[in-house]
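Structure file run06.pdb (PDB, C-alpha atoms and all ligand atoms) is printed below.
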```
ATOM      1  CA  MET A 673     -12.081 -21.002 162.675
ATOM      2  CA  LEU A 674     -14.971 -18.900 161.359
ATOM      3  CA  LEU A 675     -18.336 -18.245 163.004
ATOM      4  CA  LEU A 676     -21.178 -17.350 160.665
ATOM      5  CA  GLN A 677     -23.603 -15.232 162.648
ATOM      6  CA  PHE A 678     -26.087 -12.429 162.916
ATOM      7  CA  SER A 679     -24.386  -9.812 165.061
ATOM      8  CA  THR A 680     -27.463  -9.341 167.277
ATOM      9  CA  SER A 681     -28.503 -12.990 167.652
ATOM     10  CA  HIS A 682     -28.546 -14.333 171.200
ATOM     11  CA  TYR A 683     -27.939 -17.889 169.912
ATOM     12  CA  CYS A 684     -24.758 -16.619 168.226
ATOM     13  CA  ARG A 685     -23.780 -14.960 171.516
ATOM     14  CA  LYS A 686     -24.135 -18.421 173.088
ATOM     15  CA  ALA A 687     -21.606 -19.867 170.617
ATOM     16  CA  ARG A 688     -19.225 -16.912 171.126
ATOM     17  CA  LEU A 689     -19.336 -17.361 174.910
ATOM     18  CA  ALA A 690     -18.265 -21.011 174.551
ATOM     19  CA  LEU A 691     -15.478 -20.141 172.100
ATOM     20  CA  GLY A 692     -14.316 -17.359 174.415
ATOM     21  CA  TYR A 693     -14.384 -19.549 177.517
ATOM     22  CA  LYS A 694     -12.200 -22.105 175.787
ATOM     23  CA  GLY A 695      -9.833 -19.380 174.623
ATOM     24  CA  ILE A 696     -10.186 -20.363 170.968
ATOM     25  CA  SER A 697      -9.297 -17.692 168.451
ATOM     26  CA  TYR A 698     -11.859 -17.284 165.700
ATOM     27  CA  GLN A 699     -13.239 -14.773 163.249
ATOM     28  CA  VAL A 700     -16.841 -13.854 162.637
ATOM     29  CA  GLU A 701     -18.727 -13.233 159.432
ATOM     30  CA  ASN A 702     -21.943 -11.284 159.873
ATOM     31  CA  LEU A 703     -24.574 -12.544 157.449
ATOM     32  CA  THR A 704     -27.348 -10.392 156.033
ATOM     33  CA  PRO A 705     -30.749 -11.547 157.329
ATOM     34  CA  GLY A 706     -32.851 -12.653 154.363
ATOM     35  CA  LEU A 707     -29.871 -13.419 152.135
ATOM     36  CA  HIS A 708     -28.429 -15.759 154.774
ATOM     37  CA  THR A 709     -30.503 -18.709 153.555
ATOM     38  CA  LEU A 710     -28.700 -18.702 150.188
ATOM     39  CA  GLN A 711     -25.380 -19.191 151.952
ATOM     40  CA  LEU A 712     -26.497 -21.543 154.731
ATOM     41  CA  LYS A 713     -28.882 -23.961 153.024
ATOM     42  CA  PRO A 714     -26.265 -25.554 150.718
ATOM     43  CA  LEU A 715     -23.759 -25.628 153.575
ATOM     44  CA  THR A 716     -25.817 -27.129 156.400
ATOM     45  CA  GLY A 717     -29.279 -27.919 155.053
ATOM     46  CA  LEU A 718     -30.634 -25.487 157.661
ATOM     47  CA  THR A 719     -31.211 -21.742 157.626
ATOM     48  CA  THR A 720     -30.190 -20.819 161.165
ATOM     49  CA  VAL A 721     -27.070 -19.250 162.613
ATOM     50  CA  PRO A 722     -24.742 -19.814 164.413
ATOM     51  CA  VAL A 723     -22.724 -22.004 162.076
ATOM     52  CA  LEU A 724     -19.113 -22.814 162.898
ATOM     53  CA  LEU A 725     -16.595 -23.532 160.150
ATOM     54  CA  PRO A 726     -13.532 -25.160 161.777
ATOM     55  CA  GLN A 727     -11.466 -24.689 158.573
ATOM     56  CA  LEU A 728      -9.203 -27.556 159.662
ATOM     57  CA  GLU A 729      -8.053 -30.609 157.728
ATOM     58  CA  GLY A 730      -9.977 -33.764 158.666
ATOM     59  CA  GLN A 731     -12.717 -31.874 160.553
ATOM     60  CA  PRO A 732     -16.307 -31.196 159.529
ATOM     61  CA  GLN A 733     -16.755 -28.355 157.065
ATOM     62  CA  ALA A 734     -19.648 -26.770 158.935
ATOM     63  CA  ILE A 735     -21.363 -27.281 162.281
ATOM     64  CA  ALA A 736     -24.848 -25.855 162.507
ATOM     65  CA  ASP A 737     -26.779 -25.301 165.748
ATOM     66  CA  SER A 738     -25.348 -23.964 168.992
ATOM     67  CA  THR A 739     -25.828 -27.262 170.847
ATOM     68  CA  ARG A 740     -23.814 -29.140 168.234
ATOM     69  CA  ILE A 741     -21.179 -26.411 168.366
ATOM     70  CA  PHE A 742     -20.853 -27.002 172.139
ATOM     71  CA  LYS A 743     -20.381 -30.738 171.535
ATOM     72  CA  TYR A 744     -17.829 -30.160 168.791
ATOM     73  CA  LEU A 745     -15.846 -27.743 170.955
ATOM     74  CA  GLU A 746     -15.891 -30.005 174.002
ATOM     75  CA  HIS A 747     -14.691 -32.945 171.925
ATOM     76  CA  HIS A 748     -11.875 -31.136 170.138
ATOM     77  CA  TYR A 749     -10.960 -28.585 172.823
ATOM     78  CA  PRO A 750     -11.700 -30.326 176.147
ATOM     79  CA  GLN A 751      -9.806 -27.789 178.294
ATOM     80  CA  PRO A 752     -11.181 -25.852 180.066
ATOM     81  CA  PRO A 753     -14.259 -28.088 180.244
ATOM     82  CA  LEU A 754     -17.827 -26.940 179.744
ATOM     83  CA  PHE A 755     -19.233 -30.420 180.364
ATOM     84  CA  LEU A 756     -19.388 -31.584 183.987
ATOM     85  CA  SER A 757     -17.503 -34.718 184.973
ATOM     86  CA  ASP A 758     -20.323 -35.898 187.269
ATOM     87  CA  LEU A 759     -22.706 -37.697 184.905
ATOM     88  CA  GLN A 760     -25.850 -36.808 186.828
ATOM     89  CA  GLN A 761     -24.898 -33.136 186.934
ATOM     90  CA  GLN A 762     -24.058 -33.151 183.230
ATOM     91  CA  THR A 763     -27.487 -34.660 182.476
ATOM     92  CA  GLN A 764     -29.090 -31.849 184.471
ATOM     93  CA  ALA A 765     -27.022 -29.240 182.598
ATOM     94  CA  THR A 766     -28.006 -30.840 179.264
ATOM     95  CA  LEU A 767     -31.691 -30.724 180.188
ATOM     96  CA  LEU A 768     -31.424 -27.082 181.224
ATOM     97  CA  GLU A 769     -29.603 -26.226 178.025
ATOM     98  CA  ASP A 770     -32.235 -27.903 175.872
ATOM     99  CA  TRP A 771     -35.126 -26.227 177.705
ATOM    100  CA  LEU A 772     -33.429 -22.827 177.536
ATOM    101  CA  ASP A 773     -32.804 -23.316 173.797
ATOM    102  CA  GLU A 774     -36.204 -24.563 172.826
ATOM    103  CA  SER A 775     -38.468 -22.591 175.151
ATOM    104  CA  ILE A 776     -36.732 -19.649 176.793
ATOM    105  CA  GLY A 777     -34.573 -18.364 173.918
ATOM    106  CA  THR A 778     -37.738 -18.119 171.847
ATOM    107  CA  ALA A 779     -39.690 -16.459 174.664
ATOM    108  CA  THR A 780     -36.929 -13.872 175.037
ATOM    109  CA  ARG A 781     -37.064 -13.186 171.306
ATOM    110  CA  PHE A 782     -40.833 -12.568 171.468
ATOM    111  CA  VAL A 783     -40.648 -10.212 174.465
ATOM    112  CA  TYR A 784     -37.606  -8.396 173.081
ATOM    113  CA  TYR A 785     -39.052  -7.681 169.625
ATOM    114  CA  GLN A 786     -42.373  -6.619 171.141
ATOM    115  CA  PHE A 787     -40.458  -4.140 173.301
ATOM    116  CA  ARG A 788     -38.360  -2.864 170.367
ATOM    117  CA  ALA A 789     -41.536  -2.211 168.375
ATOM    118  CA  GLY A 790     -43.170  -0.337 171.274
ATOM    119  CA  ASP A 791     -41.551   1.461 174.235
ATOM    120  CA  GLY A 792     -38.101   0.421 173.017
ATOM    121  CA  LYS A 793     -38.508   2.073 169.608
ATOM    122  CA  VAL A 794     -36.292   4.934 170.853
ATOM    123  CA  ILE A 795     -33.295   2.556 170.936
ATOM    124  CA  ASP A 796     -33.244   2.755 167.134
ATOM    125  CA  PRO A 797     -36.209   4.490 165.531
ATOM    126  CA  SER A 798     -34.613   4.368 162.046
ATOM    127  CA  LEU A 799     -36.775   3.026 159.265
ATOM    128  CA  SER A 800     -34.328   0.218 158.458
ATOM    129  CA  SER A 801     -34.241  -1.011 162.052
ATOM    130  CA  GLN A 802     -38.009  -0.844 162.450
ATOM    131  CA  LEU A 803     -38.411  -2.688 159.152
ATOM    132  CA  VAL A 804     -36.175  -5.541 160.369
ATOM    133  CA  ILE A 805     -38.173  -5.666 163.625
ATOM    134  CA  GLN A 806     -41.454  -5.885 161.715
ATOM    135  CA  VAL A 807     -40.089  -8.660 159.473
ATOM    136  CA  VAL A 808     -38.965 -10.651 162.534
ATOM    137  CA  ARG A 809     -42.368 -10.118 164.172
ATOM    138  CA  TRP A 810     -44.061 -11.408 161.040
ATOM    139  CA  GLN A 811     -41.623 -14.331 160.614
ATOM    140  CA  TYR A 812     -42.164 -15.627 164.168
ATOM    141  CA  GLN A 813     -45.826 -14.557 164.544
ATOM    142  CA  ILE A 814     -45.004 -12.167 167.383
ATOM    143  CA  ASN A 815     -48.179 -10.430 168.570
ATOM    144  CA  SER A 816     -49.700  -9.451 171.918
ATOM    145  CA  ALA A 817     -51.223 -12.913 172.492
ATOM    146  CA  THR A 818     -48.027 -14.858 171.759
ATOM    147  CA  VAL A 819     -46.004 -12.337 173.782
ATOM    148  CA  GLU A 820     -48.227 -12.920 176.829
ATOM    149  CA  LEU A 821     -47.488 -16.652 176.599
ATOM    150  CA  ALA A 822     -43.776 -15.900 176.240
ATOM    151  CA  LYS A 823     -43.867 -13.712 179.370
ATOM    152  CA  THR A 824     -45.377 -16.585 181.347
ATOM    153  CA  ARG A 825     -42.581 -18.853 180.188
ATOM    154  CA  LEU A 826     -40.032 -16.276 181.264
ATOM    155  CA  GLN A 827     -41.562 -16.216 184.760
ATOM    156  CA  THR A 828     -40.830 -19.940 184.999
ATOM    157  CA  ALA A 829     -37.287 -19.264 183.844
ATOM    158  CA  PHE A 830     -36.742 -16.706 186.613
ATOM    159  CA  GLU A 831     -37.917 -19.287 189.169
ATOM    160  CA  VAL A 832     -35.627 -21.999 187.816
ATOM    161  CA  LEU A 833     -32.635 -19.677 187.444
ATOM    162  CA  ALA A 834     -33.101 -18.244 190.976
ATOM    163  CA  VAL A 835     -30.418 -20.794 191.946
ATOM    164  CA  TRP A 836     -28.065 -18.080 190.676
ATOM    165  CA  LYS A 837     -29.058 -15.854 193.604
ATOM    166  CA  HIS A 838     -27.247 -18.140 196.031
ATOM    167  CA  GLN A 839     -24.551 -19.836 193.967
ATOM    168  CA  PRO A 840     -22.420 -18.785 191.007
ATOM    169  CA  TYR A 841     -23.289 -21.773 188.795
ATOM    170  CA  LEU A 842     -26.609 -23.403 187.940
ATOM    171  CA  VAL A 843     -25.303 -26.959 188.274
ATOM    172  CA  GLY A 844     -22.313 -28.147 190.294
ATOM    173  CA  ASP A 845     -19.392 -25.959 191.248
ATOM    174  CA  GLN A 846     -18.073 -24.897 187.862
ATOM    175  CA  ILE A 847     -19.397 -23.133 184.795
ATOM    176  CA  SER A 848     -21.317 -25.401 182.434
ATOM    177  CA  ILE A 849     -23.313 -25.292 179.218
ATOM    178  CA  ALA A 850     -26.350 -24.376 181.359
ATOM    179  CA  ASP A 851     -24.776 -21.133 182.634
ATOM    180  CA  ILE A 852     -23.538 -20.096 179.200
ATOM    181  CA  THR A 853     -26.874 -20.814 177.581
ATOM    182  CA  ALA A 854     -28.863 -18.925 180.229
ATOM    183  CA  ALA A 855     -26.455 -15.962 180.109
ATOM    184  CA  ALA A 856     -26.735 -15.707 176.331
ATOM    185  CA  LEU A 857     -30.406 -16.407 175.812
ATOM    186  CA  LEU A 858     -31.703 -14.077 178.531
ATOM    187  CA  SER A 859     -29.280 -11.265 177.671
ATOM    188  CA  PRO A 860     -31.680  -9.367 175.327
ATOM    189  CA  LEU A 861     -33.843  -8.614 178.385
ATOM    190  CA  ALA A 862     -31.078  -6.298 179.663
ATOM    191  CA  LEU A 863     -32.485  -3.562 177.446
ATOM    192  CA  ILE A 864     -35.938  -3.781 179.048
ATOM    193  CA  PRO A 865     -36.082  -1.592 182.194
ATOM    194  CA  GLU A 866     -38.724  -3.673 184.062
ATOM    195  CA  TYR A 867     -36.609  -6.824 183.896
ATOM    196  CA  ARG A 868     -33.467  -4.950 184.907
ATOM    197  CA  GLU A 869     -35.303  -3.561 187.948
ATOM    198  CA  ASP A 870     -37.014  -6.814 188.971
ATOM    199  CA  TYR A 871     -34.130  -9.251 188.453
ATOM    200  CA  PRO A 872     -30.842  -7.474 189.274
ATOM    201  CA  TRP A 873     -29.233 -10.787 190.353
ATOM    202  CA  LEU A 874     -29.853 -12.253 186.873
ATOM    203  CA  PHE A 875     -27.966  -9.469 185.132
ATOM    204  CA  GLU A 876     -25.094  -9.619 187.628
ATOM    205  CA  ARG A 877     -24.610 -13.312 186.776
ATOM    206  CA  ILE A 878     -24.922 -12.592 183.058
ATOM    207  CA  LYS A 879     -22.124 -10.036 183.404
ATOM    208  CA  GLU A 880     -19.946 -12.433 185.437
ATOM    209  CA  ILE A 881     -20.308 -15.157 182.809
ATOM    210  CA  HIS A 882     -19.480 -12.745 180.009
ATOM    211  CA  SER A 883     -16.337 -11.717 181.896
ATOM    212  CA  LEU A 884     -15.328 -15.361 182.407
ATOM    213  CA  CYS A 885     -15.794 -15.940 178.679
ATOM    214  CA  GLN A 886     -14.019 -12.740 177.613
ATOM    215  CA  GLU A 887     -17.079 -11.599 175.702
ATOM    216  CA  PRO A 888     -18.171  -7.928 175.776
ATOM    217  CA  PHE A 889     -21.314  -7.300 177.838
ATOM    218  CA  PRO A 890     -24.599  -7.345 175.929
ATOM    219  CA  PRO A 891     -26.312  -4.038 175.104
ATOM    220  CA  GLY A 892     -27.902  -2.537 178.215
ATOM    221  CA  LEU A 893     -25.315  -3.854 180.684
TER     222      LEU A 893
HETATM  223  N1  LIG A 901     -31.584 -24.070 167.834
HETATM  224  C1  LIG A 901     -30.814 -23.119 167.063
HETATM  225  C2  LIG A 901     -31.568 -21.799 167.027
HETATM  226  C3  LIG A 901     -30.826 -20.712 166.270
HETATM  227  C4  LIG A 901     -31.741 -19.584 165.807
HETATM  228  O1  LIG A 901     -32.940 -19.564 166.098
HETATM  229  N2  LIG A 901     -31.146 -18.658 165.058
HETATM  230  C5  LIG A 901     -31.897 -17.557 164.489
HETATM  231  C6  LIG A 901     -31.247 -16.223 164.857
HETATM  232  S1  LIG A 901     -31.411 -15.861 166.572
HETATM  233  C7  LIG A 901     -31.847 -17.652 162.976
HETATM  234  O2  LIG A 901     -30.840 -18.037 162.418
HETATM  235  N3  LIG A 901     -32.955 -17.301 162.288
HETATM  236  C8  LIG A 901     -32.992 -17.246 160.872
HETATM  237  C9  LIG A 901     -33.814 -18.322 160.240
HETATM  238  O3  LIG A 901     -34.461 -19.117 160.969
HETATM  239  O4  LIG A 901     -33.829 -18.369 158.991
HETATM  240  C10 LIG A 901     -29.420 -22.984 167.698
HETATM  241  O5  LIG A 901     -29.310 -23.207 168.913
HETATM  242  O6  LIG A 901     -28.460 -22.728 166.980
END
```
Can you give me the file's structure in the form of structure tokens?
Ligand SMILES: N[C@@H](CCC(=O)N[C@@H](CS)C(=O)NCC(=O)O)C(=O)O
Amino acid sequence: MLLLQFSTSHYCRKARLALGYKGISYQVENLTPGLHTLQLKPLTGLTTVPVLLPQLEGQPQAIADSTRIFKYLEHHYPQPPLFLSDLQQQTQATLLEDWLDESIGTATRFVYYQFRAGDGKVIDPSLSSQLVIQVVRWQYQINSATVELAKTRLQTAFEVLAVWKHQPYLVGDQISIADITAAALLSPLALIPEYREDYPWLFERIKEIHSLCQEPFPPGL
């Protein structure tokens, strides 16, 4: 099995956490941002990573999008489960996953790249790194106004995810797609000191989930 990814992408981290939790052995291929479209478009019709190539007879050639990757893995590798057996709980986990994907993963990206272009420049001040950051900021229209909106969305996320303060899992009594998605998509904030100081419980859970999924901790943790 091969995972096409960007090494720093939090959506690719999400796919790796699921693969790791299920104990599936796989290899990764790190694509070059910019050139990635040439490889992905003919394969999936999309331009985003992660893309999973099962490389198995009778199975799809390529699965694009982290949500579809979850579904593929659960179907073909049901043990240990990431979907909850209680239907109502699974619906809640699905809703959380979709909201985290569509709203919070993007908000994290905005706040993270704003930080890396400002106070966080010291993390990697090299010209090549700063160039990539500027291209991403241009690609996603990341500026002080859009970052303010993203920060407001993150505040909502901290309120919703505060469940983690009192219980190990967001829904039910076992890890689910909601926990994995939250752990991956909020992980870039670990490099931003204010968030680390204000939400220590969040980063403790992120570490726990990474350990459960045998995935190295994200930068900053
Ligand atoms: N909904 C997608 C989002 C993935 C995504 O946004 N990937 C970014 C990297 S973090 C990407 O591939 N961007 C490149 C592009 O859009 O061309 C998923 O869950 O897989």
- Query: In terms of the shortest atom-to-atom distance over only C-alpha atoms and all ligand atoms, which of A:Ile696, A:Val808, A:Leu842, A:Ile795 is closest to ligand LIG 901 (chain A)?
  - Reply: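 Nearest candidate to ligand LIG 901 (chain A) out of A:Ile696, A:Val808, A:Leu842, A:Ile795: A:Val808.
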- Result set, the PyMOL selection byres (((not hetatm)) within 10 of (chain A and resi 901)) on current file, as number ranges by chain: A: 676-687, 703, 705-709, 712-713, 718-723, 735-742, 769-770, 772-774, 777-778, 781, 808, 811-812, 853, 857
Cut-off 12 Å around (-25.0, 0.2, 173.1) with all atoms listed in the file: residues as an mmCIF file with C-alpha atoms, keeping the file's coordinate frame:
```cif
data_model
loop_
_atom_site.group_PDB
_atom_site.id
_atom_site.type_symbol
_atom_site.label_atom_id
_atom_site.label_comp_id
_atom_site.auth_asym_id
_atom_site.auth_seq_id
_atom_site.Cartn_x
_atom_site.Cartn_y
_atom_site.Cartn_z
ATOM 1 C CA THR A 680 -27.463 -9.341 167.277
ATOM 2 C CA ILE A 795 -33.295 2.556 170.936
ATOM 3 C CA ASP A 796 -33.244 2.755 167.134
ATOM 4 C CA PRO A 860 -31.680 -9.367 175.327
ATOM 5 C CA ALA A 862 -31.078 -6.298 179.663
ATOM 6 C CA LEU A 863 -32.485 -3.562 177.446
ATOM 7 C CA PRO A 888 -18.171 -7.928 175.776
ATOM 8 C CA PHE A 889 -21.314 -7.300 177.838
ATOM 9 C CA PRO A 890 -24.599 -7.345 175.929
ATOM 10 C CA PRO A 891 -26.312 -4.038 175.104
ATOM 11 C CA GLY A 892 -27.902 -2.537 178.215
ATOM 12 C CA LEU A 893 -25.315 -3.854 180.684
#
```
- For CA of Val843 in chain A and CA of Gln761 in chain A, determine how far apart the two atoms are, in Å to one decimal place.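 For CA of Val843 in chain A relative to CA of Gln761 in chain A, the distance reads 6.3 Å.
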- Non-local contacts of Ile776 in chain A (12 Å; all atoms listed in the file; under 3 positions in same chain excluded) as a PyMOL selection string: chain A and resi 682-683+768-773+779-784+821-830+832-833+853-861
- Between CA of Asp791 in chain A and CA of Arg868 in chain A - distance in Å to one decimal: 14.8 Å
- Task: Write out as a PyMOL selection string the residues lying within 10 Å of range 729-731 of chain A, counting only C-alpha atoms and excluding same-chain residues fewer than 4 positions away.
- Result: chain A and resi 725+735+744+748
- Task: Tell me, as a ChimeraX atom specification, which residues lie within 10 Å of Gln751 in chain A, counting only C-alpha atoms; anything in the same chain fewer than 5 positions away does not count.
- Result: /A:693-695,745-746
- Message: Applying 8 Å and only C-alpha atoms, which residues near Leu689 in chain A remain after dropping the ones on its own chain fewer than 6 positions away? List them as a list in words.
- Response: Ile852, Ala856, His882, Cys885, Gln886 and Glu887 of chain A
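When only C-alpha atoms are used to measure the gap to Gly692 in chain A, the shortest distance among A:Pro840, A:Pro732, A:Pro752, A:Pro797 belongs to A:Pro752.
Here CA of Ser816 in chain A stands at a distance of 23.1 Å from CA of Glu831 in chain A.
Take the candidates A:Ile864, A:Thr766, A:Leu691, A:Tyr749 and check each one against Gly790 in chain A using all atoms listed in the file; the shortest distance goes to A:Ile864.
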- Closest of A:Phe755, A:Tyr785, A:Phe875, A:Tyr867 to Ile849 in chain A - atom-to-atom distances counting all atoms listed in the file: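 Looking only at the distances to Ile849 in chain A, the closest residue turns out to be A:Phe755.
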- Excluding Trp836 in chain A and any residue of its chain fewer than 6 positions from it, enumerate the residues within 9 Å of it, using only C-alpha atoms, and give them as a list in words. Leu842, Trp873, Leu874 and Arg877 of chain A
Adding 5 Å on each side of the box along x, y and z that holds all listed atoms of range 707-725 of chain A, could you give its centre and edge lengths in Å to one decimal, as lines of an AutoDock Vina configuration file?
```
center_x = -23.9
center_y = -20.7
center_z = 157.3
size_x = 24.6
size_y = 24.5
size_z = 24.2
```
- Task: Compare A:Lys879, A:His838, A:Arg809, A:His747 by their minimum atom-to-atom distance to Arg788 in chain A, counting only C-alpha atoms, and give me the closest one.
- Result: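 Between A:Lys879, A:His838, A:Arg809, A:His747, the residue approaching Arg788 in chain A most closely is A:Arg809.
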- Compare A:Gly792, A:Ala850, A:Asp758, A:Gly717 by their minimum atom-to-atom distance to Glu866 in chain A, counting only C-alpha atoms, and give me the closest one.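 Counting only C-alpha atoms, the residue closest to Glu866 in chain A is A:Gly792.
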